[in-house]
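data.cif (mmCIF, C-alpha atoms and all ligand atoms)
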data_data
#
loop_
_atom_site.label_atom_id
_atom_site.label_comp_id
_atom_site.auth_asym_id
_atom_site.auth_seq_id
_atom_site.Cartn_x
_atom_site.Cartn_y
_atom_site.Cartn_z
CA MET A 1 7.40 -14.59 -8.94
CA ASN A 2 8.50 -15.04 -12.54
CA GLU A 3 6.56 -13.90 -15.55
CA LYS A 4 5.10 -17.35 -16.34
CA GLU A 5 3.84 -17.85 -12.82
CA TYR A 6 2.31 -14.39 -12.76
CA GLU A 7 0.56 -15.00 -16.08
CA ALA A 8 -0.67 -18.41 -14.98
CA LYS A 9 -2.03 -17.10 -11.70
CA LEU A 10 -3.62 -13.98 -13.08
CA LEU A 11 -4.88 -14.71 -16.54
CA SER A 12 -6.39 -18.04 -15.62
CA THR A 13 -8.75 -16.62 -13.00
CA PRO A 14 -12.03 -17.90 -14.43
CA CYS A 15 -15.11 -15.70 -14.78
CA PRO A 16 -18.14 -17.26 -13.16
CA LYS A 17 -20.13 -19.49 -15.52
CA PRO A 18 -22.47 -19.37 -17.19
CA ASP A 19 -22.23 -15.90 -18.63
CA PRO A 20 -24.94 -15.60 -21.28
CA TYR A 21 -22.59 -13.80 -23.68
CA GLY A 22 -19.37 -15.70 -22.97
CA ALA A 23 -17.68 -12.51 -21.79
CA LEU A 24 -13.90 -12.87 -21.71
CA SER A 25 -13.45 -10.38 -18.88
CA MET A 26 -15.63 -10.08 -15.81
CA PRO A 27 -18.54 -7.73 -16.59
CA VAL A 28 -19.32 -4.73 -14.39
CA TYR A 29 -22.28 -5.65 -12.20
CA ARG A 30 -23.68 -2.34 -11.10
CA ALA A 31 -26.55 -4.09 -9.33
CA LEU A 32 -27.01 -2.89 -5.79
CA ALA A 33 -29.27 -5.65 -4.43
CA TYR A 34 -29.79 -9.31 -5.37
CA GLU A 35 -33.06 -11.19 -5.63
CA PHE A 36 -33.91 -14.53 -3.99
CA GLU A 37 -36.36 -17.30 -4.93
CA THR A 38 -37.53 -17.90 -1.37
CA ALA A 39 -37.49 -16.44 2.13
CA GLU A 40 -35.43 -19.44 3.26
CA ALA A 41 -32.74 -18.78 0.64
CA MET A 42 -32.72 -15.16 1.72
CA GLU A 43 -32.25 -16.09 5.35
CA ALA A 44 -29.41 -18.46 4.47
CA ALA A 45 -27.58 -15.77 2.49
CA PHE A 46 -28.09 -12.99 5.04
CA CYS A 47 -26.97 -15.22 7.90
CA GLY A 48 -23.82 -16.27 6.07
CA ARG A 49 -24.73 -19.94 5.50
CA THR A 50 -24.43 -19.48 1.73
CA ASP A 51 -22.11 -17.09 -0.04
CA GLU A 52 -24.65 -15.48 -2.33
CA HIS A 53 -24.54 -11.73 -2.82
CA THR A 54 -27.16 -9.72 -0.96
CA TYR A 55 -26.17 -6.05 -1.14
CA SER A 56 -23.22 -4.34 -2.85
CA ARG A 57 -21.87 -2.64 0.27
CA ILE A 58 -21.04 -6.15 1.51
CA THR A 59 -20.04 -8.08 -1.64
CA ASN A 60 -20.42 -7.53 -5.37
CA PRO A 61 -19.60 -10.01 -8.18
CA THR A 62 -17.19 -7.67 -10.03
CA VAL A 63 -15.37 -6.59 -6.89
CA GLN A 64 -15.21 -10.19 -5.69
CA HIS A 65 -13.66 -11.27 -8.98
CA PHE A 66 -10.96 -8.60 -8.52
CA GLU A 67 -10.38 -9.78 -4.94
CA GLN A 68 -10.04 -13.38 -6.14
CA ARG A 69 -7.45 -12.43 -8.73
CA VAL A 70 -5.37 -10.67 -6.07
CA LYS A 71 -5.82 -13.71 -3.86
CA ARG A 72 -4.46 -16.01 -6.56
CA VAL A 73 -1.43 -13.81 -7.22
CA THR A 74 -0.55 -13.36 -3.53
CA GLY A 75 -1.62 -16.76 -2.19
CA ALA A 76 -3.37 -14.93 0.65
CA TYR A 77 -6.13 -16.32 2.85
CA GLY A 78 -8.46 -13.35 2.41
CA VAL A 79 -8.50 -10.21 0.27
CA THR A 80 -10.77 -7.20 0.78
CA ALA A 81 -11.03 -4.38 -1.76
CA LEU A 82 -11.91 -0.89 -0.54
CA ASN A 83 -12.47 2.49 -2.10
CA SER A 84 -9.08 4.01 -1.23
CA GLY A 85 -5.75 3.19 0.32
CA MET A 86 -6.78 5.15 3.42
CA ALA A 87 -9.97 3.05 3.68
CA ALA A 88 -7.78 -0.09 3.69
CA ILE A 89 -5.51 1.34 6.40
CA SER A 90 -8.34 2.68 8.56
CA SER A 91 -10.44 -0.50 8.28
CA THR A 92 -7.42 -2.63 9.22
CA LEU A 93 -6.62 -0.59 12.31
CA ILE A 94 -10.24 -0.34 13.41
CA THR A 95 -10.36 -4.16 13.25
CA LEU A 96 -7.20 -4.48 15.35
CA ALA A 97 -7.20 -1.62 17.86
CA TRP A 98 -9.26 -1.13 20.99
CA SER A 99 -9.55 1.68 23.49
CA GLY A 100 -6.51 1.41 25.75
CA SER A 101 -4.37 -0.35 23.15
CA ASN A 102 -1.22 0.97 21.54
CA LEU A 103 0.27 0.71 18.07
CA ILE A 104 4.00 0.52 17.39
CA THR A 105 4.97 2.47 14.27
CA SER A 106 7.45 4.97 12.88
CA ARG A 107 7.15 8.73 12.34
CA HIS A 108 8.09 8.02 8.75
CA LEU A 109 4.57 7.58 7.42
CA PHE A 110 2.31 8.75 4.61
CA GLY A 111 0.78 12.05 5.85
CA ASN A 112 -2.83 10.84 6.21
CA THR A 113 -1.75 7.58 7.82
CA TYR A 114 0.18 9.59 10.40
CA SER A 115 -2.81 11.83 11.02
CA PHE A 116 -5.21 8.84 11.22
CA PHE A 117 -3.08 7.24 13.95
CA ALA A 118 -2.10 10.38 15.85
CA ASN A 119 -5.42 12.25 15.65
CA THR A 120 -8.35 10.01 14.69
CA LEU A 121 -7.52 6.76 16.50
CA ASN A 122 -5.89 8.63 19.34
CA ALA A 123 -9.22 10.35 20.03
CA PHE A 124 -10.78 6.90 20.56
CA GLY A 125 -8.18 5.95 23.16
CA MET A 126 -5.50 4.25 21.08
CA GLU A 127 -1.96 5.35 21.87
CA VAL A 128 0.60 5.64 19.05
CA ARG A 129 4.17 4.72 19.95
CA PHE A 130 6.58 6.15 17.42
CA CYS A 131 9.82 4.17 17.24
CA ASP A 132 12.86 3.81 15.07
CA LEU A 133 11.78 0.61 13.33
CA THR A 134 15.32 -0.01 12.10
CA ASN A 135 16.31 -0.43 15.78
CA ALA A 136 15.17 -3.89 16.94
CA LYS A 137 15.90 -3.20 20.60
CA GLU A 138 13.76 -0.07 20.66
CA VAL A 139 10.86 -1.95 19.08
CA ALA A 140 11.15 -4.86 21.50
CA GLN A 141 11.06 -2.45 24.44
CA ALA A 142 8.05 -0.54 23.14
CA ILE A 143 5.79 -3.61 22.81
CA ASP A 144 3.71 -4.48 25.85
CA GLU A 145 0.55 -6.45 26.65
CA HIS A 146 -1.66 -3.64 25.26
CA THR A 147 0.03 -3.53 21.85
CA CYS A 148 -2.35 -4.27 18.98
CA GLY A 149 0.31 -4.50 16.25
CA VAL A 150 3.43 -3.15 14.57
CA PHE A 151 2.74 -1.06 11.46
CA LEU A 152 5.20 0.16 8.86
CA GLU A 153 5.68 1.20 5.24
CA ILE A 154 8.18 -1.02 3.43
CA ILE A 155 10.05 1.94 1.90
CA THR A 156 9.12 5.18 3.63
CA ASN A 157 8.57 8.28 1.59
CA PRO A 158 10.12 10.80 1.26
CA GLN A 159 12.79 9.54 3.73
CA MET A 160 13.36 6.27 1.82
CA GLU A 161 13.99 4.19 4.93
CA VAL A 162 13.85 0.37 4.81
CA ALA A 163 13.39 -1.75 7.94
CA ASP A 164 14.45 -5.39 8.15
CA LEU A 165 11.06 -7.08 7.95
CA ALA A 166 12.16 -10.58 8.95
CA ALA A 167 13.84 -9.19 12.08
CA LEU A 168 10.82 -7.03 12.93
CA SER A 169 8.35 -9.85 12.43
CA GLU A 170 10.43 -12.11 14.67
CA ILE A 171 10.29 -9.53 17.48
CA ALA A 172 6.59 -8.88 16.92
CA HIS A 173 5.70 -12.58 16.86
CA GLU A 174 7.83 -13.37 19.91
CA ARG A 175 5.88 -10.71 21.76
CA GLY A 176 2.57 -11.94 20.40
CA VAL A 177 1.62 -9.10 18.03
CA PRO A 178 1.02 -9.04 14.24
CA LEU A 179 3.13 -7.18 11.69
CA ILE A 180 1.13 -4.98 9.31
CA ALA A 181 2.88 -3.53 6.25
CA ASP A 182 1.83 -0.85 3.77
CA THR A 183 3.39 -2.30 0.60
CA THR A 184 2.08 0.31 -1.85
CA ILE A 185 5.56 1.15 -3.09
CA ILE A 186 6.47 -2.35 -4.41
CA PRO A 187 3.70 -4.46 -5.95
CA PHE A 188 2.97 -7.93 -4.60
CA SER A 189 4.01 -9.49 -7.92
CA VAL A 190 7.59 -8.51 -6.97
CA PHE A 191 7.64 -8.33 -3.17
CA HIS A 192 6.26 -11.38 -1.35
CA ALA A 193 5.31 -9.96 2.00
CA ILE A 194 4.54 -13.30 3.62
CA ASP A 195 8.09 -14.57 2.98
CA PHE A 196 9.34 -11.79 5.26
CA GLY A 197 6.88 -12.45 8.05
CA VAL A 198 4.23 -9.83 7.24
CA ASP A 199 0.82 -10.93 8.55
CA ILE A 200 -1.42 -8.29 7.00
CA GLU A 201 -0.56 -6.28 3.90
CA VAL A 202 -2.33 -3.02 3.04
CA VAL A 203 -2.00 -1.48 -0.41
CA ALA A 204 -3.13 1.77 -2.02
CA SER A 205 -4.19 0.15 -5.29
CA THR A 206 -4.72 3.74 -6.47
CA LYS A 207 -1.01 3.69 -7.28
CA TYR A 208 0.51 0.84 -9.34
CA ILE A 209 -2.49 -1.45 -9.59
CA SER A 210 -5.01 1.05 -10.94
CA GLY A 211 -3.14 1.00 -14.24
CA GLY A 212 -1.98 4.60 -14.34
CA ALA A 213 -4.16 6.82 -12.15
CA THR A 214 -7.49 5.42 -13.34
CA SER A 215 -9.15 5.21 -9.91
CA LEU A 216 -8.83 5.25 -6.13
CA GLY A 217 -8.69 1.89 -4.41
CA GLY A 218 -7.26 -0.05 -1.50
CA LEU A 219 -6.59 -3.67 -0.60
CA ILE A 220 -6.31 -5.55 2.66
CA ILE A 221 -4.44 -8.80 2.12
CA ASP A 222 -4.59 -11.15 5.07
CA TYR A 223 -2.29 -14.16 5.04
CA GLY A 224 -4.32 -15.89 7.76
CA ARG A 225 -1.21 -17.03 9.57
CA PHE A 226 -1.30 -14.97 12.75
CA ASN A 227 -3.60 -16.42 15.38
CA GLN A 228 -2.74 -14.93 18.76
CA TYR A 229 -4.48 -11.57 18.59
CA ARG A 230 -4.92 -9.61 21.82
CA THR A 231 -7.84 -7.58 20.48
CA PRO A 232 -10.83 -8.66 22.62
CA ALA A 233 -13.20 -8.84 19.61
CA LEU A 234 -10.71 -11.05 17.75
CA ARG A 235 -10.06 -13.31 20.71
CA ALA A 236 -13.78 -13.91 20.93
CA LEU A 237 -13.64 -15.28 17.36
CA GLU A 238 -10.72 -17.63 17.98
CA GLY A 239 -11.41 -21.12 16.72
CA THR A 240 -14.30 -20.04 14.50
CA SER A 241 -12.13 -19.61 11.37
CA GLN A 242 -8.51 -19.67 10.26
CA SER A 243 -8.42 -15.89 10.53
CA PRO A 244 -10.34 -14.04 13.23
CA PHE A 245 -9.03 -10.82 11.64
CA HIS A 246 -10.57 -11.59 8.24
CA THR A 247 -13.81 -12.75 9.84
CA ARG A 248 -14.25 -9.62 11.94
CA LEU A 249 -13.23 -7.40 9.04
CA ARG A 250 -15.73 -8.94 6.60
CA LYS A 251 -18.60 -9.63 8.99
CA GLU A 252 -18.44 -6.45 11.01
CA VAL A 253 -15.99 -3.61 10.36
CA HIS A 254 -16.09 -3.38 6.59
CA ARG A 255 -19.90 -3.52 6.51
CA ASN A 256 -20.18 -0.89 9.22
CA LEU A 257 -17.70 1.54 7.69
CA GLY A 258 -19.21 1.17 4.22
CA ALA A 259 -16.05 1.78 2.21
CA TYR A 260 -16.23 -1.16 -0.21
CA MET A 261 -14.75 -0.79 -3.66
CA THR A 262 -17.26 0.02 -6.40
CA PRO A 263 -17.73 -2.36 -9.38
CA ASP A 264 -16.53 0.18 -11.96
CA VAL A 265 -13.29 0.67 -10.04
CA ALA A 266 -12.86 -3.09 -9.63
CA TYR A 267 -13.16 -3.47 -13.40
CA GLN A 268 -10.51 -0.80 -14.06
CA GLN A 269 -8.16 -2.15 -11.42
CA SER A 270 -8.61 -5.70 -12.66
CA LEU A 271 -7.34 -4.49 -16.05
CA GLY A 272 -4.54 -2.64 -14.27
CA LEU A 273 -3.52 -5.91 -12.63
CA GLU A 274 -3.01 -7.47 -16.05
CA THR A 275 -0.35 -4.90 -17.05
CA LEU A 276 1.06 -4.39 -13.55
CA GLN A 277 4.22 -6.42 -13.98
CA LEU A 278 5.00 -4.96 -17.38
CA ARG A 279 4.57 -1.38 -16.21
CA PHE A 280 6.50 -1.99 -13.01
CA GLU A 281 9.49 -3.49 -14.80
CA ARG A 282 9.67 -0.57 -17.20
CA GLN A 283 9.10 2.16 -14.60
CA ALA A 284 11.49 0.69 -12.02
CA ALA A 285 14.25 0.16 -14.61
CA VAL A 286 13.89 3.75 -15.86
CA CYS A 287 13.87 5.01 -12.25
CA LYS A 288 17.08 3.15 -11.42
CA GLY A 289 18.79 4.32 -14.61
CA LEU A 290 17.76 7.89 -13.93
CA ALA A 291 18.88 7.73 -10.27
CA GLY A 292 22.39 6.77 -11.43
CA LYS A 293 22.52 9.66 -13.89
CA LEU A 294 21.19 12.24 -11.41
CA LYS A 295 24.12 11.46 -9.12
CA THR A 296 26.48 12.93 -11.69
CA LEU A 297 24.82 16.38 -11.52
CA PRO A 298 26.58 18.83 -9.18
CA ALA A 299 23.38 20.84 -8.49
CA ILE A 300 21.84 17.73 -6.88
CA LYS A 301 23.13 17.26 -3.34
CA THR A 302 21.89 13.72 -2.69
CA VAL A 303 19.88 11.15 -4.63
CA ASN A 304 17.83 8.73 -2.53
CA TYR A 305 16.97 5.43 -4.20
CA THR A 306 17.53 2.22 -2.27
CA GLY A 307 18.61 0.39 -5.43
CA LEU A 308 21.84 2.45 -5.63
CA GLU A 309 24.83 0.58 -4.24
CA ASP A 310 25.98 3.42 -1.99
CA ASN A 311 22.52 3.84 -0.39
CA PRO A 312 22.58 2.98 3.35
CA PHE A 313 19.62 0.57 2.85
CA TYR A 314 20.97 -1.06 -0.31
CA GLU A 315 21.62 -4.54 1.16
CA ILE A 316 18.33 -4.95 2.99
CA SER A 317 16.45 -3.42 0.06
CA LYS A 318 18.04 -5.90 -2.35
CA LYS A 319 17.23 -8.81 -0.06
CA GLN A 320 13.59 -7.81 0.26
CA PHE A 321 12.75 -6.14 -3.06
CA GLY A 322 15.41 -7.28 -5.56
CA ASP A 323 17.42 -5.06 -7.91
CA TYR A 324 14.65 -2.60 -8.78
CA PRO A 325 13.08 -1.22 -5.58
CA GLY A 326 10.25 0.75 -7.10
CA ALA A 327 9.73 3.69 -9.43
CA MET A 328 10.02 6.56 -6.98
CA LEU A 329 13.10 8.46 -5.87
CA THR A 330 13.82 11.62 -3.96
CA PHE A 331 16.65 14.11 -4.31
CA ASP A 332 17.83 17.21 -2.52
CA LEU A 333 18.69 20.62 -3.89
CA GLU A 334 20.39 23.52 -2.10
CA SER A 335 17.24 25.19 -0.68
CA ARG A 336 13.45 25.33 -0.77
CA GLU A 337 13.65 28.31 -3.18
CA GLU A 338 15.91 26.29 -5.46
CA CYS A 339 13.36 23.40 -5.38
CA TYR A 340 10.49 25.73 -6.38
CA ARG A 341 12.52 27.35 -9.17
CA PHE A 342 13.47 23.91 -10.52
CA ILE A 343 9.92 22.52 -10.32
CA ASN A 344 8.51 25.56 -12.12
CA LYS A 345 10.87 25.10 -15.06
CA LEU A 346 10.06 21.44 -15.82
CA LYS A 347 8.45 20.82 -19.22
CA LEU A 348 7.92 17.04 -19.49
CA ILE A 349 7.60 16.08 -15.85
CA ARG A 350 4.23 17.11 -14.43
CA ARG A 351 3.60 19.00 -11.21
CA ALA A 352 1.16 16.72 -9.36
CA THR A 353 0.84 14.38 -6.41
CA ASN A 354 0.20 10.63 -6.83
CA LEU A 355 2.61 7.78 -7.51
CA PHE A 356 3.06 5.50 -10.51
CA ASP A 357 0.95 7.34 -12.98
CA ASN A 358 2.02 6.57 -16.56
CA ARG A 359 3.42 10.14 -16.61
CA SER A 360 6.29 11.19 -14.39
CA LEU A 361 5.11 13.39 -11.52
CA ILE A 362 7.03 15.77 -9.28
CA ILE A 363 6.17 17.25 -5.89
CA HIS A 364 7.80 19.14 -3.01
CA PRO A 365 6.50 17.01 -0.09
CA ALA A 366 7.28 19.43 2.78
CA SER A 367 5.00 22.17 1.40
CA THR A 368 2.20 19.92 0.09
CA ILE A 369 1.57 16.43 1.54
CA PHE A 370 3.18 17.58 4.81
CA GLY A 371 2.21 21.24 4.40
CA SER A 372 -0.27 21.26 7.31
CA PHE A 373 2.24 19.86 9.82
CA THR A 374 4.29 22.19 12.05
CA ASP A 375 8.02 22.72 11.51
CA ALA A 376 8.70 20.64 14.62
CA GLN A 377 6.52 17.78 13.36
CA ARG A 378 8.17 17.86 9.94
CA GLU A 379 11.56 17.80 11.60
CA ALA A 380 10.59 14.80 13.72
CA MET A 381 9.33 13.09 10.58
CA ASN A 382 12.55 13.97 8.75
CA VAL A 383 10.65 15.73 5.95
CA LYS A 384 13.06 18.34 4.62
CA GLN A 385 12.43 21.61 2.75
CA THR A 386 15.23 20.70 0.32
CA THR A 387 13.69 17.37 -0.80
CA ILE A 388 11.88 16.75 -4.08
CA ARG A 389 9.99 13.54 -4.86
CA LEU A 390 9.81 12.11 -8.34
CA SER A 391 7.46 9.33 -9.41
CA VAL A 392 8.73 7.85 -12.65
CA GLY A 393 6.26 7.11 -15.45
CA LEU A 394 6.65 5.35 -18.78
CA GLU A 395 8.97 7.91 -20.42
CA SER A 396 12.61 7.08 -21.25
CA VAL A 397 15.64 7.76 -19.03
CA ASP A 398 17.01 10.21 -21.60
CA SER A 399 13.85 12.31 -21.91
CA LEU A 400 13.51 12.60 -18.14
CA PHE A 401 17.19 13.36 -17.65
CA ASP A 402 17.10 16.07 -20.34
CA ASP A 403 14.08 17.72 -18.74
CA ILE A 404 15.75 17.72 -15.31
CA CYS A 405 18.99 19.12 -16.74
CA GLN A 406 17.26 21.99 -18.54
CA ALA A 407 15.26 22.86 -15.42
CA LEU A 408 18.39 22.87 -13.24
CA GLY A 409 20.26 24.83 -15.91
C1 LIG B 501 -1.18 7.04 -1.60
C2 LIG B 501 -0.79 6.25 -0.42
C3 LIG B 501 -1.72 5.90 0.56
C4 LIG B 501 -3.18 6.35 0.50
O1 LIG B 501 -3.85 5.89 -0.63
P1 LIG B 501 -5.21 6.60 -1.16
O2 LIG B 501 -5.72 5.66 -2.18
O3 LIG B 501 -4.82 7.94 -1.66
O4 LIG B 501 -6.11 6.70 0.03
C5 LIG B 501 -1.30 5.15 1.63
N1 LIG B 501 -0.01 4.74 1.74
C6 LIG B 501 0.92 5.06 0.82
C7 LIG B 501 2.30 4.55 0.98
C8 LIG B 501 0.56 5.82 -0.29
O5 LIG B 501 1.50 6.14 -1.18
#

What would you get if you wrote out this structure as structure tokens?
Amino acid sequence: MNEKEYEAKLLSTPCPKPDPYGALSMPVYRALAYEFETAEAMEAAFCGRTDEHTYSRITNPTVQHFEQRVKRVTGAYGVTALNSGMAAISSTLITLAWSGSNLITSRHLFGNTYSFFANTLNAFGMEVRFCDLTNAKEVAQAIDEHTCGVFLEIITNPQMEVADLAALSEIAHERGVPLIADTTIIPFSVFHAIDFGVDIEVVASTKYISGGATSLGGLIIDYGRFNQYRTPALRALEGTSQSPFHTRLRKEVHRNLGAYMTPDVAYQQSLGLETLQLRFERQAAVCKGLAGKLKTLPAIKTVNYTGLEDNPFYEISKKQFGDYPGAMLTFDLESREECYRFINKLKLIRRATNLFDNRSLIIHPASTIFGSFTDAQREAMNVKQTTIRLSVGLESVDSLFDDICQALG
């Protein structure tokens, strides 16, 4: 999407009229419940015959406005905003899975996503089948008639692995299952998931979209294209709407789990959306420039950024994400001790988790995000003690490079 298209789609999203004050941005409606003129109007709204708001766990004007803006930018069929990235992931899987089903995914997952699949959903009778998603044959063999979907992260972290989405979606669709992608790492203004066959996109809007660590949030973006679900509850809805998934999510799962985004967060993230492209371009360009310079330092063993030409995923990354695949990179030092010593000496770069804050953030994933996993689990997930993750903020290449050099020094 070019800049003009993005501006046209985003900035033209109208606020509902009439607003008594002519507000230019959508106000924050902190109202919890909505009043009706008559019992009949109330019945119509509660039974879904009109789309009036009833209660803010279900819909809210400010959150809905945020959802509509995302819908315009992505061209999706349905968008649901939740109160964290994990709420988006868990609500999606609870809509798709059933007891006795299985999910095809990789061991290269965000720590809580891994735990949600392997521990939480597993306890309800869903089996997780960990595969190498860069191996089409292995994926094809793992799918059977009980598979509820294929789930992946578009660039895994900290491993920085990129699967061929078009190839995966072809296999998934041939076998009658949807492809679900966590696209947190590249915003939808740059990466058009639907063009690569993704059916449902989940995003931790906490990261890029929030506008620099303002708030937790999550999005479920349903393209409404997949229509051969095996999930019994979704099959029962076939023919009632373009997307049984979206219908079940909005009418049942999301209401029952109660993890809707709050209006204050929707307001902040709506502002974040307006500067998303600008911040991404700056942060990704600085990240790529820095990655190139880090490769010249002898103390750094490997630099992992899929936008570098000698990266094993360079070609597929370029095809899917363009020249600037995100603002996060990882690199390896000699040992865990060396990583700690280096991290402790940084002056500009901050020691914190999170991605795409306006400040650059550093973390040692093995001892933090993956700290509660066993050595064997970390090994299977390819999370190494020598790896450091850097999320690049709005600083310049030179300032970041200087800080890294002095800390290595
Ligand atoms: C941060 C993150 C999540 C979880 O998001 P929260 O808002 O913290 O719940 C999920 N997936 C990826 C890839 C993330 O980076």

If you count all atoms listed in the file, the residue of A:Thr95, A:Thr105, A:Ser335, A:Thr231 closest to Glu145 in chain A turns out to be A:Thr231

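Coordinates place CA of Ala33 in chain A at a distance of 15.8 Å from CA of Cys47 in chain A.
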
Give me the residues within 8 Å of range 368-381 of chain A as a PyMOL selection string, counting only C-alpha atoms and dropping any in the same chain fewer than 5 places off.
-> chain A and resi 107-109+111+363

At a cut-off of 10 Å, can you tabulate as JSON lines every residue of range 355-380 of chain A near range 151-166 of chain A together with its closest atom pair and the distance in Å to one decimal, using only C-alpha atoms and ordering rows by chain then number?
{"residue": "A:His364", "atom": "CA", "partner": "A:Pro158", "partner_atom": "CA", "distance": 9.7}
{"residue": "A:Pro365", "atom": "CA", "partner": "A:Pro158", "partner_atom": "CA", "distance": 7.3}
{"residue": "A:Ala366", "atom": "CA", "partner": "A:Pro158", "partner_atom": "CA", "distance": 9.2}

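Counting all atoms listed in the file, the residue from A:Val286, A:Ala327, A:Val150, A:Val79 that sits nearest to Ser399 in chain A is A:Val286.
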
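CA of Thr134 in chain A lies 18.9 Å from CA of Glu309 in chain A.
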
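Using all atoms listed in the file, residues with at least one atom at most 7 Å away from any atom of ligand LIG 501 (chain B) are Ser84, Gly85, Met86, Ala87, Phe110, Thr113, Glu153, Asp182, Thr183, Thr184, Ile185, Val203, Ala204, Ser205, Thr206, Lys207, Leu216, Gly217, Gly218, Asn354 and Leu355 of chain A.
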
Residues near Ala142 in chain A, cut-off 9 Å, only C-alpha atoms, skip fewer than 5 positions along chain, as a PDB file with C-alpha atoms, in the coordinates of the input:
ATOM      1  CA  ILE A 104       4.000   0.520  17.390  1.00  0.00           C
ATOM      2  CA  ARG A 129       4.170   4.720  19.950  1.00  0.00           C
ATOM      3  CA  PHE A 130       6.580   6.150  17.420  1.00  0.00           C
ATOM      4  CA  CYS A 131       9.820   4.170  17.240  1.00  0.00           C
ATOM      5  CA  LYS A 137      15.900  -3.200  20.600  1.00  0.00           C
ATOM      6  CA  THR A 147       0.030  -3.530  21.850  1.00  0.00           C
TER       7      THR A 147
END

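Closest to Lys251 in chain A among A:Tyr29, A:Phe191, A:Tyr340, A:Phe46 is A:Phe46, based on only C-alpha atoms.
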
So which residues touch range 61-65 of chain A within 8 Å, counting all atoms listed in the file, skipping near sequence neighbours fewer than 5 positions away, as an MDAnalysis selection string?
-> chainID A and resid 15 26:29 53 81 261:263 266:267

Find the residues near Ile171 in chain A: any atom within 8 Å, counting only C-alpha atoms, skip ones fewer than 5 places away on the same chain, and give them as a ChimeraX atom specification.
-> /A:136,139-140

Pick out the closest residue to Gln141 in chain A from this set: A:Ala172, A:Ala118, A:Leu82, A:Leu276. Count all atoms listed in the file.
-> A:Ala172

Would you kindly return, as JSON, numbers by chain, each protein, DNA or RNA residue with an atom no farther than 10 Å from any atom of Lys71 in chain A, considering only C-alpha atoms and excluding same-chain residues fewer than 6 positions away?
-> {"A": [9, 10, 65, 77, 78, 79, 80, 221, 222, 223]}

Taking C-alpha atoms for each residue, export the selection above as a PDB file, in the coordinates of the input.
ATOM      1  CA  LYS A   9      -2.030 -17.100 -11.700  1.00  0.00           C
ATOM      2  CA  LEU A  10      -3.620 -13.980 -13.080  1.00  0.00           C
ATOM      3  CA  HIS A  65     -13.660 -11.270  -8.980  1.00  0.00           C
ATOM      4  CA  TYR A  77      -6.130 -16.320   2.850  1.00  0.00           C
ATOM      5  CA  GLY A  78      -8.460 -13.350   2.410  1.00  0.00           C
ATOM      6  CA  VAL A  79      -8.500 -10.210   0.270  1.00  0.00           C
ATOM      7  CA  THR A  80     -10.770  -7.200   0.780  1.00  0.00           C
ATOM      8  CA  ILE A 221      -4.440  -8.800   2.120  1.00  0.00           C
ATOM      9  CA  ASP A 222      -4.590 -11.150   5.070  1.00  0.00           C
ATOM     10  CA  TYR A 223      -2.290 -14.160   5.040  1.00  0.00           C
TER      11      TYR A 223
END

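The space between CA of Lys301 in chain A and CA of Gln385 in chain A spans 13.1 Å.
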
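Remark: for Phe401 in chain A, the closest of the candidate residues A:Gly272, A:Gly289, A:Gly125, A:Pro18 is A:Gly289 (distances computed over all atoms listed in the file).
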
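If all atoms listed in the file are the atoms counted, then among A:Pro244, A:Val177, A:Leu297, A:Gly211 the closest residue to Gly224 in chain A is A:Pro244.
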
Report as JSON the centre and the edge lengths, in Å to one decimal, of the axis-aligned box holding every listed atom of range 251-264 of chain A, padded by 4 Å on each side.
{"center_x": -17.5, "center_y": -3.9, "center_z": -0.5, "size_x": 13.4, "size_y": 19.4, "size_z": 31.0}

Would you list the residues near (-8.2, 3.1, 17.2), meaning any protein, DNA or RNA residue with an atom at most 10 Å from that point in file coordinates, counting all atoms listed in the file, as a list in words?
-> Ser90, Ser91, Thr92, Leu93, Ile94, Thr95, Leu96, Ala97, Trp98, Ser99, Gly100, Ser101, Asn102, Leu103, Phe116, Phe117, Ala118, Asn119, Thr120, Leu121, Asn122, Ala123, Phe124, Gly125, Met126, Glu127, Val128 and Cys148 of chain A

What would the list of residues within 9 Å of (17.4, 8.5, -13.7) (file frame) look like as JSON, numbers by chain, if only C-alpha atoms are what count?
-> {"A": [285, 286, 287, 288, 289, 290, 291, 292, 293, 294, 295, 329, 392, 397, 398, 400, 401]}

Could range 193-198 of chain A be completed with N, CA and C atoms and written as a PDB file, in the frame of the given file, please?
ATOM      1  N   ALA A 193       5.337 -10.383   0.601  1.00  0.00           N
ATOM      2  CA  ALA A 193       5.310  -9.960   2.000  1.00  0.00           C
ATOM      3  C   ALA A 193       5.349 -11.135   2.973  1.00  0.00           C
ATOM      4  N   ILE A 194       4.631 -12.193   2.652  1.00  0.00           N
ATOM      5  CA  ILE A 194       4.540 -13.300   3.620  1.00  0.00           C
ATOM      6  C   ILE A 194       5.889 -13.974   3.840  1.00  0.00           C
ATOM      7  N   ASP A 195       6.760 -13.961   2.823  1.00  0.00           N
ATOM      8  CA  ASP A 195       8.090 -14.570   2.980  1.00  0.00           C
ATOM      9  C   ASP A 195       8.942 -13.825   3.991  1.00  0.00           C
ATOM     10  N   PHE A 196       8.570 -12.587   4.296  1.00  0.00           N
ATOM     11  CA  PHE A 196       9.340 -11.790   5.260  1.00  0.00           C
ATOM     12  C   PHE A 196       8.572 -11.600   6.557  1.00  0.00           C
ATOM     13  N   GLY A 197       7.565 -12.437   6.764  1.00  0.00           N
ATOM     14  CA  GLY A 197       6.880 -12.450   8.050  1.00  0.00           C
ATOM     15  C   GLY A 197       5.782 -11.418   8.221  1.00  0.00           C
ATOM     16  N   VAL A 198       5.336 -10.791   7.132  1.00  0.00           N
ATOM     17  CA  VAL A 198       4.230  -9.830   7.240  1.00  0.00           C
ATOM     18  C   VAL A 198       2.923 -10.614   7.388  1.00  0.00           C
TER      19      VAL A 198
END
